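The structure appears below as structure tokens.
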Amino acid sequence: MNYQYNIGCSLNNLKGIREFIRNSLNEQGIAEIEMNTMILALDEMCSNLMIHAHHCNPDHILELHIDVPEKGKLIFEIIDDGNVFNINQFSSDNIGDLIHEKRKGGLGIRLVKSIMDNVEYFTRNGKNICRLTKQL
Amino acid sequence: MVHIKRLQESGNDIIAIIGEIDASSSIELDLTIAKSVGDGFAKILVDCTALEYISSAGLGVFMSYIEEFQEKEIRMVLFGLKEKVANTFVILGLADLLHICSSKEEAKKLIDELSV
């Protein structure tokens, strides 16, 4: 099963992304807690890209693809042509440091790495592909 | 989107979050907590019974107040989290750093104990 959703880089569109993922995976029999973590990881990845690679320009488009090649295996791809924002370049900040510095950011990368089995980056036809894989 | 209400009860400022907190709406939570602090409340209860979703942006707001609240002796207790919402706190290890209760009654009891 393949699903695709194109969205402008506005944070107001994050809700639409969450609804797209929920509707696409609705038939997969995924438990609510697990579904919520998938939605959360994609929300974090898309909001990071919107903010850091596209400066929240709603004219810039993200393509979100969901592929379910076999039962229990989920492949998400986020395709764009902005600057590459590779979360593998960042180490997960120590939570104690974040608290001490009163920083509100830095948690999203930690969440994505905790939830997904694999996060990889490559280019295809001149576009950036961020692929997130999860085996349920 | 999110709707946030405040009401006062027995010296507690109760912040009720209705809906979803993400990167577009976390500022509203931040402003509400800042307003509660600005109004001088030392006991803040966060009613999460109608909170359907929270992303790292919202968690970051709670986290950013931890040290300030310790310095100012302000107590904050969250209550009524749905399992899927509570799970997000657990993944990040924030469940151990914040005070979280099941019910409003437990939260009121805990905040009074913490304030002694």
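By order of appearance in the structure tokens: chains A, B, ..., then residues from 1 within every chain, and ligands from 1 in the order shown.
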According to DSSP computed on the backbone, where in chain A is there alpha helix (DSSP H)? Give the residues as a compact mmCIF listing (two decimals) with N, CA and C atoms, in the first residue's frame.
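Saved file states06.txt follows:
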# COMPACT_ATOMS: atom_id res chain seq x y z
N LEU A 14 0.72 21.04 10.13
CA LEU A 14 1.13 19.83 10.86
C LEU A 14 -0.07 18.96 11.22
N LYS A 15 -1.18 19.61 11.54
CA LYS A 15 -2.38 18.83 11.89
C LYS A 15 -2.82 17.97 10.69
N GLY A 16 -2.73 18.55 9.50
CA GLY A 16 -3.09 17.81 8.28
C GLY A 16 -2.18 16.60 8.07
N ILE A 17 -0.91 16.76 8.41
CA ILE A 17 0.04 15.64 8.30
C ILE A 17 -0.37 14.53 9.26
N ARG A 18 -0.71 14.90 10.47
CA ARG A 18 -1.10 13.90 11.48
C ARG A 18 -2.35 13.15 11.02
N GLU A 19 -3.31 13.90 10.47
CA GLU A 19 -4.55 13.25 10.01
C GLU A 19 -4.27 12.32 8.83
N PHE A 20 -3.36 12.74 7.93
CA PHE A 20 -3.02 11.91 6.77
C PHE A 20 -2.41 10.58 7.23
N ILE A 21 -1.50 10.64 8.19
CA ILE A 21 -0.85 9.41 8.66
C ILE A 21 -1.89 8.50 9.32
N ARG A 22 -2.71 9.09 10.17
CA ARG A 22 -3.72 8.29 10.87
C ARG A 22 -4.68 7.63 9.88
N ASN A 23 -5.15 8.41 8.91
CA ASN A 23 -6.11 7.86 7.92
C ASN A 23 -5.45 6.79 7.06
N SER A 24 -4.17 7.02 6.68
CA SER A 24 -3.49 6.06 5.80
C SER A 24 -3.25 4.73 6.50
N LEU A 25 -2.94 4.80 7.80
CA LEU A 25 -2.58 3.58 8.53
C LEU A 25 -3.76 2.96 9.28
N GLU A 32 -3.28 2.04 19.29
CA GLU A 32 -3.37 3.50 19.39
C GLU A 32 -2.05 4.13 19.88
N ILE A 33 -1.42 3.50 20.85
CA ILE A 33 -0.17 4.05 21.40
C ILE A 33 0.90 4.05 20.31
N GLU A 34 0.99 2.93 19.59
CA GLU A 34 2.00 2.81 18.52
C GLU A 34 1.70 3.80 17.40
N MET A 35 0.43 3.92 17.06
CA MET A 35 0.02 4.88 16.02
C MET A 35 0.44 6.29 16.41
N ASN A 36 0.21 6.63 17.68
CA ASN A 36 0.54 7.97 18.14
C ASN A 36 2.05 8.24 18.05
N THR A 37 2.86 7.22 18.32
CA THR A 37 4.31 7.43 18.26
C THR A 37 4.77 7.63 16.80
N MET A 38 4.14 6.89 15.86
CA MET A 38 4.47 7.09 14.44
C MET A 38 4.14 8.53 14.02
N ILE A 39 2.93 8.94 14.40
CA ILE A 39 2.47 10.30 14.05
C ILE A 39 3.42 11.33 14.66
N LEU A 40 3.80 11.10 15.90
CA LEU A 40 4.69 12.02 16.60
C LEU A 40 6.04 12.15 15.87
N ALA A 41 6.62 11.01 15.48
CA ALA A 41 7.94 11.05 14.82
C ALA A 41 7.87 11.82 13.50
N LEU A 42 6.79 11.59 12.73
CA LEU A 42 6.66 12.29 11.45
C LEU A 42 6.37 13.77 11.65
N ASP A 43 5.58 14.10 12.65
CA ASP A 43 5.30 15.49 13.00
C ASP A 43 6.62 16.21 13.33
N GLU A 44 7.46 15.53 14.12
CA GLU A 44 8.74 16.13 14.52
C GLU A 44 9.65 16.33 13.30
N MET A 45 9.72 15.32 12.43
CA MET A 45 10.59 15.43 11.26
C MET A 45 10.11 16.55 10.34
N CYS A 46 8.81 16.60 10.09
CA CYS A 46 8.27 17.61 9.17
C CYS A 46 8.41 19.02 9.76
N SER A 47 8.15 19.17 11.07
CA SER A 47 8.27 20.51 11.64
C SER A 47 9.73 20.96 11.65
N ASN A 48 10.66 20.04 11.89
CA ASN A 48 12.09 20.40 11.82
C ASN A 48 12.47 20.86 10.40
N ILE A 95 19.32 15.48 28.51
CA ILE A 95 18.09 16.18 28.94
C ILE A 95 18.37 17.12 30.11
N GLY A 96 19.33 16.75 30.94
CA GLY A 96 19.71 17.62 32.06
C GLY A 96 20.27 18.95 31.57
N ASP A 97 21.05 18.88 30.48
CA ASP A 97 21.60 20.12 29.91
C ASP A 97 20.50 21.00 29.34
N LEU A 98 19.52 20.36 28.68
CA LEU A 98 18.41 21.13 28.10
C LEU A 98 17.64 21.85 29.20
N ILE A 99 17.42 21.15 30.31
CA ILE A 99 16.68 21.76 31.43
C ILE A 99 17.47 22.93 32.00
N HIS A 100 18.77 22.70 32.20
CA HIS A 100 19.61 23.73 32.80
C HIS A 100 19.66 24.98 31.91
N LEU A 107 14.35 18.37 21.75
CA LEU A 107 13.72 17.11 22.15
C LEU A 107 13.22 16.30 20.96
N GLY A 108 12.92 16.98 19.86
CA GLY A 108 12.32 16.31 18.71
C GLY A 108 13.23 15.25 18.11
N ILE A 109 14.51 15.59 17.99
CA ILE A 109 15.48 14.64 17.42
C ILE A 109 15.58 13.41 18.31
N ARG A 110 15.59 13.64 19.61
CA ARG A 110 15.65 12.53 20.57
C ARG A 110 14.42 11.62 20.40
N LEU A 111 13.25 12.24 20.21
CA LEU A 111 12.02 11.46 20.03
C LEU A 111 12.08 10.61 18.78
N VAL A 112 12.47 11.22 17.66
CA VAL A 112 12.50 10.49 16.38
C VAL A 112 13.45 9.30 16.47
N LYS A 113 14.62 9.54 17.04
CA LYS A 113 15.61 8.45 17.15
C LYS A 113 15.12 7.34 18.09
N SER A 114 14.34 7.72 19.09
CA SER A 114 13.81 6.72 20.02
C SER A 114 12.72 5.88 19.36
N ILE A 115 11.93 6.51 18.50
CA ILE A 115 10.74 5.84 17.95
C ILE A 115 11.08 5.01 16.71
* To do: Pull the strand (DSSP E) assignments for chain B out of DSSP run on the backbone, and list those residues as a PyMOL selection string.
  => chain B and resi 2-9+12-21+43-54+75-79+99-101
* Please provide the set of residues having any atom within 12 Å of Arg124 in chain A, restricted to only C-alpha atoms, with same-chain residues fewer than 2 positions apart removed, written as number ranges by chain. => A: 77-81, 121-122, 126-131
* Once you count only C-alpha atoms, which residues of chain B turn out to be within 6 Å of chain A? Could you give them as JSON, numbers by chain? -> {"B": [24, 56, 60, 61, 63, 64, 84]}
